[in-house]
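Structure first, then comments.
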Amino acid sequence: MNDYRNEKQPKCVPEARALPNTIMRRRIRFLTYNVHSCFGTDRKLDPARVAAVIHECRPDIIALQEVDVGRARSGGIDQAHMIAAHLQMEAQFHPALHLKDEKYGDAVLTALPMRLVKAAGLPSRGEPRGALWVEIDLAYVKLQVIVTHLGLRGSERVLQATALLGPGWLGALDQRDQRVVLAGDFNATARSAAYKLVARHFRDAPLDAETKPRPTFPSRLPLLRIDHIFVGEGIEVARCEVHNSALARVASDHLPIVAELEPAGIGAVAGDVAALPGG
């Protein structure tokens with residue numbers, strides 16, 4: 001048995017502490033990862049290996065796509081909660097596809113206080129797609145996290161992105177009063193219509209961090225950048241990178257992206273920020 005199964009798992013960084021006469025901004029690590037139902041490129045089913053890849057990145061908040069819950073093909077297990085247990089976190093799961101007792105969809109994992117805001121389907125012309133929206137309490141500000149997995153057809157992705165930006169989802173938020181992260185497998189490169197639509201409203205994390213964007217798929221020889229982290233107003237991106245370890249190249253057919261984000265308190269003014277220890 002591989003020793004990664006017995007490694008000590010990460011815990012989230014301490015809560016933010018108020019500093020006098022400052023607007024707070026705490027750095028958090030955010031990861032998005034299409035886990036391919038925990039089937040690796042070696043065709044082995046191994047949720048513990050996926051958890052070990054995530055553990056390598058030490059994230060505070062995790063957005064997962066292609067998660068199986070109760071599916072015969074993956075042994076009937078609840079992958080969302082199994083991975084969360086490995087990482088000493090809690091999970092919220094939304095099945096975009098639900099056939100009898102078999103479910104398949106998106107999840108958010110964290111050890112921070114989290115509540116479900118919305119989980120629903122998106123307009124789909126092929127395999128059903130959906131999105132999961134949770135609010136995560138960072139003590140000094142609440143972070144709105146939306147995870148999704150868009151369709152394979154370009155026209156379908158545009159419909160889904162339009163829905164996500166519309167009044168039923170992010171269109172209902174005033175970014176000046178909210179801190180928003182939209183992440184997942186968009187099946188869309190930077191040249192696609194769906195990507196450009198989202199990028200008109202939110203910032204692409206690696207570009208915001210002034211780092212060269214890297215491809216995420218397929219994991220063994222990445223050629224396409226189709227997994228993304230987008231951020232809204234009041235969030236600075238300190239770093240953003242594709243995690244390309246030896247374990248990551250075999251655990252799934254996608255590579256995870258991890259970003260160091262600094263969400264400011266509501267009403268924060270640029271430059272009037274305190275970075276907190278432990279973040």
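Chain identifiers are assigned as A, B, and so on, following the order in which chains appear in the structure tokens; residues are numbered from 1 within each chain, and ligands are numbered from 1 in order of appearance.
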Using 8 Å as the limit and counting only C-alpha atoms, can you tabulate each residue of stretch 230-257 of chain A that touches stretch 179-198 of chain A, with its shortest atom-to-atom distance in Å and the two atoms involved, as a Markdown table?
```
| residue | atom | partner | partner_atom | distance |
| --- | --- | --- | --- | --- |
| A:Phe230 | CA | A:Leu182 | CA | 5.1 |
| A:Val231 | CA | A:Val181 | CA | 4.6 |
| A:Gly232 | CA | A:Val180 | CA | 5.1 |
| A:Glu233 | CA | A:Arg179 | CA | 6.5 |
| A:Gly234 | CA | A:Arg179 | CA | 6.2 |
| A:Ile235 | CA | A:Arg179 | CA | 6.7 |
```
For this session: For stretch 72-86 of chain A, list every protein, DNA or RNA residue within 7 Å, evaluated using only C-alpha atoms, and leave out those in the same chain fewer than 3 positions away; present the list as a ChimeraX atom specification.
Result: /A:9,45,47-48,51,67-69,89-91,93,107,109
Problem set entry | DSSP-assigned strand (DSSP E or B) members of stretch 115-184 of chain A, reported as an NGL selection string | :A and (115-122 or 129-137 or 142-149 or 179-184)
Exercise. Can you list, as a list in words, every protein, DNA or RNA residue that comes within 7 Å of A:Pro256 when you count only C-alpha atoms, leaving out same-chain residues fewer than 4 positions away?
Worked result: Leu31, Thr32, Tyr33, Val242 and His243 of chain A
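Among the candidates A:Arg157, A:His149, A:Val53, A:Leu143, the residue lying nearest to A:Leu97 is A:His149 (atoms considered: only C-alpha atoms).
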Exercise. Using the chain letters and numbers from this document, which residues of stretch 102-193 of chain A does DSSP assign to alpha helix (DSSP H), as a count of residues only?
Worked result: 13
Problem set entry | Among the residues A:His254, A:Ala238, A:Ala161, A:Gly40, the one that comes closest to A:Arg200 [using only C-alpha atoms] | A:Ala161
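Using only C-alpha atoms, the contacts of stretch 262-266 of chain A at a cut-off of 9 Å, with sequence neighbours closer than 6 positions omitted, comprise Ile23, Met24, Arg25, Arg26, Arg27, Ile28, Arg29, Tyr140, Val141, Lys142, Leu143, Arg176, Asp177, Gln178, Arg179, Val180, Glu233, Gly234, Ile235, Glu236, Val237, Ala238, Val273 and Ala275 of chain A.
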